[in-house]
file protein36.pdb (PDB, C-alpha atoms)
ATOM      1  CA  MET N   1      -5.552 -27.306  26.737
ATOM      2  CA  ALA N   2      -9.101 -27.449  25.400
ATOM      3  CA  LEU N   3      -9.889 -27.518  21.728
ATOM      4  CA  LEU N   4     -11.953 -24.716  20.258
ATOM      5  CA  SER N   5     -15.501 -25.556  19.402
ATOM      6  CA  SER N   6     -18.295 -23.534  17.895
ATOM      7  CA  LYS N   7     -19.815 -23.211  21.371
ATOM      8  CA  ASN N   8     -16.897 -21.401  22.964
ATOM      9  CA  LEU N   9     -15.621 -19.498  19.914
ATOM     10  CA  LYS N  10     -16.534 -15.836  20.080
ATOM     11  CA  ILE N  11     -15.954 -13.608  17.061
ATOM     12  CA  THR N  12     -15.995  -9.866  17.525
ATOM     13  CA  PRO N  13     -17.475  -7.775  14.687
ATOM     14  CA  LEU N  14     -14.993  -5.419  13.006
ATOM     15  CA  HIS N  15     -16.853  -2.316  14.170
ATOM     16  CA  LYS N  16     -16.264  -3.294  17.814
ATOM     17  CA  ILE N  17     -12.476  -3.571  17.531
ATOM     18  CA  HIS N  18     -10.615  -0.754  19.243
ATOM     19  CA  LEU N  19      -7.056   0.079  18.268
ATOM     20  CA  GLN N  20      -4.608   1.520  20.753
ATOM     21  CA  ASP N  21      -1.996   4.114  19.859
ATOM     22  CA  LYS N  22       0.813   3.027  17.521
ATOM     23  CA  GLY N  23      -1.423   0.488  15.725
ATOM     24  CA  LYS N  24      -1.425  -2.077  18.529
ATOM     25  CA  VAL N  25      -4.557  -4.154  18.861
ATOM     26  CA  LYS N  26      -6.269  -4.847  22.186
ATOM     27  CA  GLY N  27      -7.799  -8.165  22.997
ATOM     28  CA  THR N  28      -8.008 -11.623  21.616
ATOM     29  CA  ILE N  29      -6.338 -13.347  18.693
ATOM     30  CA  THR N  30      -9.597 -12.980  16.771
ATOM     31  CA  ARG N  31      -9.406  -9.208  17.087
ATOM     32  CA  LYS N  32      -5.798  -9.218  15.993
ATOM     33  CA  LEU N  33      -6.628 -11.336  12.931
ATOM     34  CA  HIS N  34      -9.445  -8.960  11.961
ATOM     35  CA  ALA N  35      -7.106  -5.988  12.331
ATOM     36  CA  VAL N  36      -4.438  -7.613  10.141
ATOM     37  CA  SER N  37      -6.909  -8.531   7.392
ATOM     38  CA  LYS N  38      -8.343  -5.024   7.489
ATOM     39  CA  LYS N  39      -4.828  -3.545   7.244
ATOM     40  CA  ASN N  40      -3.961  -5.509   4.072
ATOM     41  CA  LYS N  41      -6.862  -4.108   2.034
ATOM     42  CA  VAL N  42      -6.438  -1.143  -0.321
ATOM     43  CA  LYS N  43      -7.282   1.810   1.901
ATOM     44  CA  GLU N  44      -8.259   4.336  -0.738
ATOM     45  CA  LYS N  45      -8.964   4.185  -4.417
ATOM     46  CA  TYR N  46      -6.446   5.936  -6.604
ATOM     47  CA  THR N  47      -7.185   8.278  -9.514
ATOM     48  CA  SER N  48      -6.541   7.099 -13.069
ATOM     49  CA  GLN N  49      -3.363   9.191 -13.235
ATOM     50  CA  GLN N  50      -2.129   7.804  -9.907
ATOM     51  CA  GLY N  51      -2.873   4.318 -11.210
ATOM     52  CA  GLN N  52      -0.691   4.964 -14.252
ATOM     53  CA  TYR N  53       2.205   6.057 -12.054
ATOM     54  CA  LEU N  54       1.767   2.949  -9.888
ATOM     55  CA  ALA N  55       1.666   0.698 -12.961
ATOM     56  CA  PHE N  56       4.774   2.418 -14.364
ATOM     57  CA  ILE N  57       6.645   1.843 -11.092
ATOM     58  CA  TYR N  58       5.601  -1.827 -11.128
ATOM     59  CA  TYR N  59       6.622  -2.528 -14.739
ATOM     60  CA  TYR N  60       9.811  -0.457 -14.630
ATOM     61  CA  THR N  61      10.945  -2.338 -11.522
ATOM     62  CA  LYS N  62      10.030  -5.684 -13.086
ATOM     63  CA  ILE N  63      11.934  -4.953 -16.318
ATOM     64  CA  HIS N  64      15.045  -3.244 -14.892
ATOM     65  CA  GLY N  65      15.322  -4.903 -11.488
ATOM     66  CA  TYR N  66      15.354  -1.580  -9.631
ATOM     67  CA  ALA N  67      12.888   1.256  -9.060
ATOM     68  CA  PRO N  68      12.522   4.194 -11.440
ATOM     69  CA  SER N  69      13.941   7.596 -10.605
ATOM     70  CA  GLU N  70      11.748  10.671 -10.677
ATOM     71  CA  ALA N  71      13.586  11.661 -13.899
ATOM     72  CA  ASP N  72      12.532   8.349 -15.505
ATOM     73  CA  MET N  73       8.899   9.093 -14.657
ATOM     74  CA  GLN N  74       9.275  12.654 -15.916
ATOM     75  CA  ARG N  75      10.503  11.404 -19.306
ATOM     76  CA  TYR N  76       7.813   8.732 -19.609
ATOM     77  CA  PHE N  77       4.848  10.932 -18.634
ATOM     78  CA  LYS N  78       6.291  14.097 -20.254
ATOM     79  CA  VAL N  79       5.670  16.266 -17.194
ATOM     80  CA  SER N  80       7.756  18.681 -15.127
ATOM     81  CA  PRO N  81       9.975  17.578 -12.216
ATOM     82  CA  PRO N  82       7.702  19.229  -9.605
ATOM     83  CA  SER N  83       4.691  17.351 -11.039
ATOM     84  CA  VAL N  84       6.409  13.997 -10.619
ATOM     85  CA  HIS N  85       7.589  14.853  -7.119
ATOM     86  CA  GLN N  86       4.092  15.970  -6.129
ATOM     87  CA  MET N  87       2.662  12.679  -7.388
ATOM     88  CA  ILE N  88       5.259  10.647  -5.457
ATOM     89  CA  VAL N  89       4.476  12.584  -2.277
ATOM     90  CA  ALA N  90       0.727  12.013  -2.795
ATOM     91  CA  LEU N  91       1.179   8.275  -3.429
ATOM     92  CA  GLU N  92       3.376   7.956  -0.349
ATOM     93  CA  LYS N  93       0.877   9.889   1.773
ATOM     94  CA  LYS N  94      -1.921   7.533   0.673
ATOM     95  CA  GLU N  95       0.406   4.594   1.439
ATOM     96  CA  PHE N  96       0.371   3.157  -2.098
ATOM     97  CA  ILE N  97       4.169   3.352  -2.143
ATOM     98  CA  LYS N  98       6.971   3.616   0.362
ATOM     99  CA  LYS N  99      10.469   4.959  -0.067
ATOM    100  CA  VAL N 100      13.612   5.513   1.941
ATOM    101  CA  PRO N 101      14.267   9.249   2.436
ATOM    102  CA  GLY N 102      17.570  10.367   0.941
ATOM    103  CA  GLN N 103      18.110   7.139  -1.001
ATOM    104  CA  GLY N 104      17.697   7.134  -4.764
ATOM    105  CA  ARG N 105      15.549   4.555  -6.543
ATOM    106  CA  SER N 106      14.046   3.306  -3.293
ATOM    107  CA  ILE N 107      10.371   3.462  -4.291
ATOM    108  CA  SER N 108       8.457   0.240  -3.702
ATOM    109  CA  LEU N 109       4.771  -0.564  -4.076
ATOM    110  CA  THR N 110       2.716  -1.462  -1.029
ATOM    111  CA  ILE N 111      -0.182  -2.829  -3.070
ATOM    112  CA  SER N 112      -0.240  -5.984  -5.152
ATOM    113  CA  ARG N 113      -0.250  -6.240  -8.945
ATOM    114  CA  LYS N 114      -3.874  -7.383  -8.995
ATOM    115  CA  ASN N 115      -4.890  -3.972  -7.593
ATOM    116  CA  LEU N 116      -3.092  -2.059 -10.367
ATOM    117  CA  PRO N 117      -4.474  -0.957 -13.744
ATOM    118  CA  ASP N 118      -2.761  -1.772 -17.028
ATOM    119  CA  LEU N 119      -0.180   0.744 -18.173
ATOM    120  CA  GLU N 120      -1.505   2.772 -21.097
TER     121      GLU N 120
END

call {"tool": "encode", "arguments": {"input": "protein36.pdb", "output": "structure tokens"}}
result
Amino acid sequence: MALLSSKNLKITPLHKIHLQDKGKVKGTITRKLHAVSKKNKVKEKYTSQQGQYLAFIYYYTKIHGYAPSEADMQRYFKVSPPSVHQMIVALEKKEFIKKVPGQGRSISLTISRKNLPDLE
């Protein structure tokens, strides 16, 4: 097995990577590494209100050891139940959080603490 050298190492630019259906990556290990690093970045920027919900989820989970319920968020932000639910659906759609359908307190963040604002 030959060692890699700068002469035979070919790096494909990100704009030339083609993804197949179901998120599978065609091609070399280099392409797969680019796809993974691209996947781990924050896809969209959140609004200031979304950031506050994300920060609340983070700190609540850190303090209590389990995720907040929608009622906990309703009490903290002083909003109606449909408002909280709408926000959770929006955050899940943008892939900032994930949750298990039908299971209470299953919200978990998909972004790291360094990408979150401070809770106001």

call {"tool": "residues_around", "arguments": {"input": "protein36.pdb", "residues": "Arg113 of chain N", "least_positions_apart": "4", "cutoff": "10 Å", "atoms": "all atoms listed in the file", "output": "PDB file with C-alpha atoms, keeping the file's coordinate frame"}}
result
ATOM      1  CA  LEU N  54       1.767   2.949  -9.888  1.00  0.00           C
ATOM      2  CA  ALA N  55       1.666   0.698 -12.961  1.00  0.00           C
ATOM      3  CA  TYR N  58       5.601  -1.827 -11.128  1.00  0.00           C
ATOM      4  CA  TYR N  59       6.622  -2.528 -14.739  1.00  0.00           C
ATOM      5  CA  LEU N 109       4.771  -0.564  -4.076  1.00  0.00           C
ATOM      6  CA  PRO N 117      -4.474  -0.957 -13.744  1.00  0.00           C
ATOM      7  CA  ASP N 118      -2.761  -1.772 -17.028  1.00  0.00           C
TER       8      ASP N 118
END

call {"tool": "atom_distance", "arguments": {"input": "protein36.pdb", "atom1": "atom CA of Tyr53 of chain N", "atom2": "atom CA of Ala71 of chain N"}}
result
12.8 Å

call {"tool": "atom_distance", "arguments": {"input": "protein36.pdb", "atom1": "atom CA of Lys98 of chain N", "atom2": "atom CA of Arg75 of chain N"}}
result
21.4 Å

call {"tool": "residues_around", "arguments": {"input": "protein36.pdb", "residues": "Ser83 of chain N", "least_positions_apart": "4", "cutoff": "10 Å", "atoms": "all atoms listed in the file", "output": "VMD selection string"}}
result
chain N and resid 70 73 to 74 77 to 79 87 to 89

call {"tool": "resolve_selection", "arguments": {"input": "protein36.pdb", "expression": "the PyMOL selection byres ((chain N and resi 111) around 8)", "output": "list in words"}}
result
Val42, Phe96, Ile97, Leu109, Thr110, Ser112, Arg113, Asn115 and Leu116 of chain N

call {"tool": "atom_distance", "arguments": {"input": "protein36.pdb", "atom1": "atom CA of Gln103 of chain N", "atom2": "atom CA of Leu119 of chain N"}}
result
25.9 Å

call {"tool": "closest_residue", "arguments": {"input": "protein36.pdb", "among": "N:Val84, N:Gly102, N:Leu91, N:His64", "to": "Gly51 of chain N", "atoms": "only C-alpha atoms"}}
result
N:Leu91

call {"tool": "closest_residue", "arguments": {"input": "protein36.pdb", "among": "N:Ile63, N:His85, N:Tyr76, N:Lys94", "to": "Lys45 of chain N", "atoms": "all atoms listed in the file"}}
result
N:Lys94

call {"tool": "resolve_selection", "arguments": {"input": "protein36.pdb", "expression": "the PyMOL selection byres ((chain N and resi 106) around 10)", "output": "list in words"}}
result
Tyr66, Ala67, Pro68, Ser69, Ile97, Lys98, Lys99, Val100, Pro101, Gly102, Gln103, Gly104, Arg105, Ile107 and Ser108 of chain N
